[in-house]
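Student: For reference, this is query39.txt, and it has compact mmCIF, C-alpha atoms.
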```txt
# COMPACT_ATOMS: atom_id res chain seq x y z
CA MET I 46 15.28 -17.51 -8.57
CA THR I 47 12.14 -19.53 -9.32
CA LEU I 48 9.40 -17.45 -7.60
CA GLN I 49 7.90 -20.78 -6.56
CA SER I 50 5.88 -20.82 -3.34
CA GLN I 51 7.57 -22.83 -0.62
CA LYS I 52 4.18 -23.88 0.73
CA LYS I 53 2.49 -24.88 -2.53
CA GLU I 54 4.80 -26.05 -5.29
CA TRP I 55 2.25 -25.34 -8.05
CA VAL I 56 1.90 -21.65 -7.07
CA PHE I 57 4.26 -18.91 -8.31
CA ILE I 58 4.31 -15.41 -6.85
CA GLY I 59 5.57 -12.13 -8.23
CA GLY I 60 5.21 -8.39 -8.53
CA ASP I 61 4.55 -6.00 -5.65
CA LEU I 62 2.86 -8.83 -3.78
CA ARG I 63 6.32 -10.39 -3.35
CA LYS I 64 8.40 -7.22 -3.05
CA ILE I 65 7.35 -3.61 -3.50
CA GLY I 66 9.45 -2.00 -6.19
CA PHE I 67 9.59 -0.63 -9.70
CA MET I 68 7.11 -1.64 -12.38
CA VAL I 69 9.85 -3.04 -14.63
CA ASP I 70 10.92 -5.40 -11.84
CA ALA I 71 7.33 -6.56 -11.43
CA MET I 72 7.19 -7.22 -15.18
CA LYS I 73 10.45 -9.18 -14.97
CA ASP I 74 8.89 -11.37 -12.28
CA GLY I 75 6.28 -12.38 -14.86
CA LEU I 76 9.04 -13.47 -17.24
CA VAL I 77 10.87 -15.42 -14.53
CA ALA I 78 7.66 -17.08 -13.34
CA ALA I 79 6.75 -18.07 -16.92
CA GLU I 80 10.09 -19.88 -17.27
CA SER I 81 9.52 -21.55 -13.88
CA ILE I 82 6.00 -22.64 -14.75
CA GLU I 83 7.17 -24.16 -18.06
CA ARG I 84 9.88 -26.12 -16.26
CA TYR I 85 7.43 -27.18 -13.55
CA LEU I 86 4.81 -28.43 -16.01
CA LYS I 87 7.42 -30.30 -18.08
CA GLY I 88 8.91 -31.84 -14.94
CA MET I 89 12.31 -30.26 -15.60
CA ASP I 90 14.91 -29.09 -13.07
CA MET I 91 13.68 -25.77 -11.62
CA LYS I 92 17.12 -24.23 -11.08
CA GLU I 93 19.58 -25.65 -13.61
CA GLY I 94 21.28 -22.93 -15.65
CA ARG I 95 19.56 -20.06 -13.85
CA SER I 96 21.18 -17.52 -11.58
CA ARG I 97 19.77 -15.62 -8.66
CA ASP I 98 19.30 -11.89 -9.10
CA TYR I 99 22.37 -9.88 -8.12
CA ALA I 100 24.40 -13.11 -8.02
CA GLY I 101 27.16 -11.04 -9.53
CA GLN I 102 27.59 -10.20 -13.17
CA ASP I 103 30.85 -10.03 -15.03
CA ILE I 104 32.21 -6.61 -15.83
CA PRO I 105 32.01 -6.28 -19.62
CA MET M 3 -6.40 0.59 -21.87
CA THR M 4 -9.43 -1.61 -22.51
CA SER M 5 -8.56 -2.09 -26.18
CA ALA M 6 -4.91 -2.79 -25.31
CA ILE M 7 -6.03 -5.54 -22.94
CA ASP M 8 -8.60 -6.86 -25.46
CA ASN M 9 -5.90 -7.12 -28.14
CA LEU M 10 -3.45 -8.93 -25.84
CA VAL M 11 -6.16 -11.35 -24.78
CA ARG M 12 -7.20 -12.02 -28.39
CA ILE M 13 -3.67 -12.52 -29.77
CA ALA M 14 -2.46 -14.71 -26.91
CA GLY M 15 -5.71 -16.66 -26.58
CA ILE M 16 -6.21 -15.89 -22.91
CA GLU M 17 -9.48 -16.31 -21.11
CA VAL M 18 -10.12 -13.63 -18.49
CA LYS M 19 -12.47 -14.13 -15.56
CA TYR M 20 -13.36 -10.75 -14.11
CA HIS M 21 -14.43 -9.98 -10.52
CA ALA M 22 -12.61 -13.08 -9.29
CA ASN M 23 -11.16 -12.48 -5.83
CA VAL M 24 -8.92 -15.49 -5.22
CA GLY M 25 -8.51 -16.23 -1.52
CA GLN M 26 -11.97 -15.06 -0.57
CA GLY M 27 -15.17 -17.05 -0.29
CA ASP M 28 -15.38 -20.22 -2.41
CA LEU M 29 -12.62 -19.19 -4.81
CA THR M 30 -9.45 -20.68 -3.34
CA LEU M 31 -6.12 -21.86 -4.78
CA ASP M 32 -6.92 -25.45 -3.82
CA GLY M 33 -10.29 -25.08 -5.53
CA LEU M 34 -8.55 -23.94 -8.72
CA LYS M 35 -6.28 -27.00 -8.57
CA LYS M 36 -9.33 -29.24 -8.23
CA GLN M 37 -10.82 -27.54 -11.29
CA GLY M 38 -7.77 -28.79 -13.22
CA PHE M 39 -5.43 -25.78 -13.27
CA GLU M 40 -1.95 -27.26 -12.92
CA ALA M 41 -0.02 -24.10 -12.02
CA VAL M 42 -0.94 -20.66 -10.72
CA PHE M 43 0.88 -17.35 -10.99
CA MET M 44 -0.23 -14.89 -8.35
CA GLY M 45 0.54 -11.21 -8.76
CA LYS M 46 -2.23 -9.43 -6.94
CA GLY M 47 -0.18 -6.56 -5.57
CA THR M 48 -0.74 -4.52 -2.43
CA PRO M 49 -4.43 -3.58 -2.18
CA ALA M 50 -4.77 -3.32 1.62
CA PRO M 51 -4.33 0.11 3.25
CA ARG M 52 -1.76 0.16 6.06
CA VAL M 53 -3.20 1.10 9.45
CA LEU M 54 -1.79 3.89 11.60
CA ASN M 55 0.91 2.72 14.04
CA PHE M 56 2.65 4.46 16.90
CA GLY M 57 5.71 2.58 18.08
CA ARG M 58 4.76 -1.08 17.87
CA ASP M 59 1.05 -0.60 18.45
CA ASP M 60 -1.88 0.37 16.28
CA VAL M 61 -3.07 3.88 17.14
CA PRO M 62 -6.30 3.50 19.14
CA GLY M 63 -9.49 5.06 17.81
CA GLN M 64 -9.25 3.96 14.19
CA ASP M 65 -12.68 2.31 14.52
CA LEU M 66 -14.36 5.66 15.27
CA SER M 67 -16.90 7.03 12.85
CA GLY M 68 -15.27 9.59 10.57
CA VAL M 69 -12.00 7.66 10.22
CA MET M 70 -11.32 6.27 6.75
CA TYR M 71 -8.43 5.09 4.61
CA GLY M 72 -7.20 7.12 1.66
CA GLN M 73 -7.21 4.29 -0.89
CA ASN M 74 -10.86 3.46 -0.14
CA PHE M 75 -11.79 7.14 -0.22
CA LEU M 76 -10.18 7.66 -3.66
CA TYR M 77 -11.88 4.50 -4.94
CA GLU M 78 -15.30 5.83 -3.94
CA VAL M 79 -14.59 9.28 -5.40
CA SER M 80 -13.37 7.90 -8.73
CA HIS M 81 -16.45 5.67 -8.98
CA GLY M 82 -18.72 8.68 -8.52
CA ASN M 83 -20.06 7.58 -5.15
CA ILE M 84 -19.24 10.84 -3.35
CA LYS M 85 -21.41 13.84 -4.10
CA PRO M 86 -19.99 17.36 -4.63
CA ASN M 87 -19.31 19.37 -1.46
CA TYR M 88 -19.37 16.16 0.59
CA PHE M 89 -16.89 17.75 3.02
CA ARG M 90 -18.28 21.30 3.03
CA GLY M 91 -17.91 22.88 6.46
CA LYS M 92 -15.87 19.91 7.69
CA LYS M 93 -12.34 19.89 9.03
CA VAL M 94 -10.47 17.14 7.25
CA LEU M 95 -7.20 15.69 8.60
CA VAL M 96 -5.08 13.66 6.21
CA ILE M 97 -2.27 11.56 7.68
CA GLY M 98 0.68 10.77 5.43
CA GLY M 99 3.33 12.48 3.34
CA GLY M 100 3.32 10.48 0.12
CA ASN M 101 1.81 11.24 -3.27
CA VAL M 102 -1.36 9.32 -2.39
CA ALA M 103 -1.82 11.36 0.80
CA PHE M 104 -1.48 14.58 -1.21
CA ASP M 105 -3.93 13.25 -3.80
CA VAL M 106 -6.39 12.50 -0.98
CA ALA M 107 -5.86 15.93 0.59
CA ARG M 108 -6.41 17.80 -2.69
CA THR M 109 -9.46 15.67 -3.50
CA SER M 110 -10.99 16.33 -0.06
CA ARG M 111 -10.29 20.03 -0.50
CA ARG M 112 -12.15 20.05 -3.82
CA LEU M 113 -15.07 18.41 -2.01
CA GLY M 114 -15.25 21.52 0.17
CA GLY M 115 -13.20 20.40 3.16
CA GLU M 116 -10.92 22.54 5.26
CA THR M 117 -7.96 20.21 4.89
CA THR M 118 -4.76 19.76 6.91
CA ILE M 119 -2.03 17.25 6.07
CA VAL M 120 -0.06 15.76 8.96
CA CYS M 121 3.16 13.92 8.15
CA LEU M 122 6.24 12.64 9.97
CA GLU M 123 8.67 14.01 7.44
CA CYS M 124 10.07 17.55 7.32
CA GLU M 125 9.75 20.30 4.76
CA ASP M 126 13.51 20.61 4.12
CA ARG M 127 14.04 18.80 0.82
CA SER M 128 17.76 18.31 1.46
CA SER M 129 17.14 16.38 4.70
CA LYS M 130 17.20 12.58 4.95
CA ASP M 131 13.74 12.91 6.54
CA ARG M 132 12.24 14.92 3.69
CA VAL M 133 8.62 14.54 2.70
CA PRO M 134 8.39 11.81 0.00
CA ALA M 135 5.67 13.40 -2.15
CA ASP M 136 6.61 15.09 -5.44
CA TRP M 137 7.21 18.82 -5.44
CA GLU M 138 4.31 19.36 -7.88
CA GLU M 139 1.91 17.77 -5.38
CA ILE M 140 3.18 19.89 -2.49
CA ARG M 141 2.97 23.09 -4.53
CA GLY M 142 -0.51 22.08 -5.75
CA ALA M 143 -1.68 21.46 -2.18
CA TRP M 144 -0.30 24.82 -1.12
CA GLU M 145 -2.00 26.59 -4.03
CA GLU M 146 -5.31 24.96 -3.22
CA GLY M 147 -5.18 26.22 0.36
CA ILE M 148 -4.23 23.07 2.24
CA ARG M 149 -2.34 23.40 5.51
CA ILE M 150 0.62 21.10 6.03
CA GLN M 151 1.90 20.10 9.46
CA TYR M 152 5.37 18.71 8.91
CA SER M 153 7.28 16.60 11.46
CA ARG M 154 4.26 15.40 13.42
CA GLY M 155 3.12 11.87 14.24
CA VAL M 156 -0.23 10.64 15.54
CA ARG M 157 -0.22 9.08 18.99
CA ARG M 158 -3.91 8.97 19.79
CA ILE M 159 -7.24 9.60 18.11
CA VAL M 160 -9.74 11.16 20.51
CA GLY M 161 -13.42 10.54 19.90
CA GLU M 162 -16.61 12.01 21.20
CA ARG M 163 -19.84 10.02 21.04
CA GLU M 164 -18.15 7.44 18.79
CA ARG M 165 -17.06 10.13 16.31
CA VAL M 166 -13.53 11.37 15.69
CA ARG M 167 -12.93 14.72 17.42
CA LYS M 168 -9.19 15.42 17.48
CA ILE M 169 -5.76 13.83 17.22
CA GLU M 170 -2.71 14.16 19.46
CA CYS M 171 0.45 14.86 17.48
CA PRO M 172 3.88 14.68 19.09
CA ARG M 173 6.77 16.25 17.22
CA CYS M 174 8.78 13.79 15.16
CA THR M 175 12.49 14.38 15.72
CA SER M 176 13.81 11.76 13.30
CA VAL M 177 12.15 9.45 10.75
CA TYR M 178 14.96 7.27 9.39
CA ASP M 179 18.04 5.88 11.11
CA GLU M 180 20.51 3.12 10.28
CA LYS M 181 17.70 0.55 10.74
CA GLY M 182 15.59 2.29 8.13
CA PHE M 183 12.12 3.60 8.99
CA ASN M 184 12.23 4.06 12.78
CA PRO M 185 10.56 7.34 13.82
CA LYS M 186 11.41 9.04 17.13
CA PHE M 187 9.24 11.57 18.94
CA ASP M 188 9.43 14.36 21.51
CA LEU M 189 6.32 13.70 23.61
CA GLU M 190 6.86 16.96 25.53
CA ASP M 191 6.05 18.85 22.35
CA THR M 192 2.57 17.55 21.50
CA ILE M 193 -0.14 19.54 19.79
CA SER M 194 -3.72 18.51 19.23
CA LEU M 195 -5.52 19.07 15.96
CA GLU M 196 -9.28 19.07 15.61
CA GLY M 197 -11.01 17.28 12.77
CA ASP M 198 -14.44 15.95 11.79
CA VAL M 199 -12.89 13.53 9.34
CA LEU M 200 -9.58 11.64 9.53
CA ILE M 201 -8.20 10.04 6.38
CA VAL M 202 -5.27 7.69 6.98
CA THR M 203 -2.98 7.37 3.96
CA VAL M 204 0.28 5.86 5.17
CA GLY M 205 0.98 3.28 2.49
CA GLN M 206 -0.43 -0.09 1.60
CA GLY M 207 0.49 -3.75 1.74
CA PRO M 208 -0.56 -7.21 0.59
CA ASP M 209 -3.92 -8.65 1.65
CA LYS M 210 -2.51 -10.91 4.40
CA GLN M 211 -5.90 -12.38 5.25
CA SER M 212 -6.46 -13.99 1.87
CA LEU M 213 -2.81 -15.11 1.68
CA GLN M 214 -3.27 -16.68 5.10
CA SER M 215 -6.46 -18.49 4.09
CA ASP M 216 -4.71 -19.77 0.96
CA ASP M 217 -1.89 -21.01 3.25
CA LEU M 218 0.97 -19.18 1.53
CA LEU M 219 2.49 -17.61 4.66
CA ASP M 220 5.19 -19.10 6.88
CA GLU M 221 4.97 -19.30 10.69
CA LYS M 222 6.18 -15.68 10.98
CA GLY M 223 3.41 -14.44 8.70
CA ARG M 224 5.67 -13.76 5.73
CA LEU M 225 5.10 -14.81 2.16
CA SER M 226 7.06 -18.02 1.70
CA VAL M 227 8.55 -17.92 -1.79
CA ASP M 228 11.86 -18.76 -3.49
CA PRO M 229 13.21 -15.30 -4.34
```
Translate the structure of the given file into structure tokens.
Tutor:
Amino acid sequence: MTLQSQKKEWVFIGGDLRKIGFMVDAMKDGLVAAESIERYLKGMDMKEGRSRDYAGQDIP
Amino acid sequence: MTSAIDNLVRIAGIEVKYHANVGQGDLTLDGLKKQGFEAVFMGKGTPAPRVLNFGRDDVPGQDLSGVMYGQNFLYEVSHGNIKPNYFRGKKVLVIGGGNVAFDVARTSRRLGGETTIVCLECEDRSSKDRVPADWEEIRGAWEEGIRIQYSRGVRRIVGERERVRKIECPRCTSVYDEKGFNPKFDLEDTISLEGDVLIVTVGQGPDKQSLQSDDLLDEKGRLSVDP
């Protein structure tokens, strides 16, 4: 959900390095990590209001 | 590509440091923190070629002269470091059935090699164990005169005076099962293929060494990150 390293809290990891997959998913990791880094630098809650991928989406 | 990157960098006000290999030498994550960087995003992909395995073990003989990895080979070719006809009169064996393996095979063929591809997967495109490369690549390889040995693994690399000489290839009876990639072999049906050059192109993975030295792996050697 946050892409935050569990060994170093100031490091965020994404793309194929984390999980080999499609390019669009790697690009999405960048977006997710940017949100995480903003929250981290502002000292905000890392998880509030965010959902894990595939956590289940409502049928429209 | 260069101008696209230049424009992004200019508009967003990014500073780019080129040729910076984080995790190697003096350039470490902790060093960056000391320099005053408060957060790091790491997305350095999968640059390390995967080595050839048989069962749980690395295939012996990969340190012999004449054995190379496809990604490194393509890097050298695209940077103009390999002269024309580099492989003339040589038997080239390429291991792997993906698009990169076919790229390597066709490149080695154009450098004059007598090239054979060896892959675990089968030719039948309706099978669950079908070769993963695109049809265009397979047809291209065929048109360029490359031999393809389907449904064969590599159990041993045999050398002679520290040089690769031949490989022993048991027939692969099944590549995938309910566990995923889990190849099975019929050792009774083993052929040996001669080669002067062996190019291993069986995928790639993250550079574990630099991740290890930056202390990002857990005790099982996996990247420790909140998914």
Student: Identify every residue of chain M that has at least one atom within 6 Å of any atom of chain I, counting only C-alpha atoms, and report the result as a list in words.
Tutor: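 Applying the cut-off to the listed atoms yields Ala41, Val42, Phe43, Met44, Gly45, Gly47, Thr48, Pro208, Leu218, Ser226, Val227, Asp228 and Pro229 of chain M.
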Student: Between M:Gln206, M:Asp217, M:Asp60, M:Ser212, which is the closest to Asn74 of chain M once you count all atoms listed in the file?
Tutor: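 Ranked by minimum distance to Asn74 of chain M, first place goes to M:Gln206.
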Student: Between atom CA of Thr203 of chain M and atom CA of Ala103 of chain M, what is the spacing in Å?
Tutor: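 It comes out at 5.2 Å.
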Student: May I ask for the distance between atom CA of Cys121 of chain M and atom CA of Ile159 of chain M, given in Å to one decimal place?
Tutor: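 Distance between the two atoms: 15.0 Å.
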Student: State, in Å with one decimal place, the distance from atom CA of Gly25 of chain M to atom CA of Leu213 of chain M.
Tutor: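 About the pair atom CA of Gly25 of chain M and atom CA of Leu213 of chain M: they are 6.6 Å apart.
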Student: Skip Lys93 of chain M itself and residues of its chain fewer than 2 positions away, then list as a PyMOL selection string all residues within 12 Å of it, counting only C-alpha atoms.
Tutor: chain M and resi 68+88-91+95-96+107+110-111+113-119+148-149+166-168+195-201
Student: Which residue, M:Lys222, M:Arg127, M:His81, M:Arg58, has the smallest gap to Pro185 of chain M when you use all atoms listed in the file?
Tutor: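 Closest candidate: M:Arg58.
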Student: Please list, as a CSV table (one decimal) with C-alpha atoms, in the frame of the given file, the residues that have an atom at most 6 Å away from (5.5, 17.3, 16.8) in the coordinates of this file, counting only C-alpha atoms.
Tutor:
```csv
chain,number,residue,atom,x,y,z
M,153,SER,CA,7.3,16.6,11.5
M,154,ARG,CA,4.3,15.4,13.4
M,171,CYS,CA,0.4,14.9,17.5
M,172,PRO,CA,3.9,14.7,19.1
M,173,ARG,CA,6.8,16.2,17.2
M,174,CYS,CA,8.8,13.8,15.2
M,191,ASP,CA,6.0,18.8,22.4
M,192,THR,CA,2.6,17.6,21.5
```
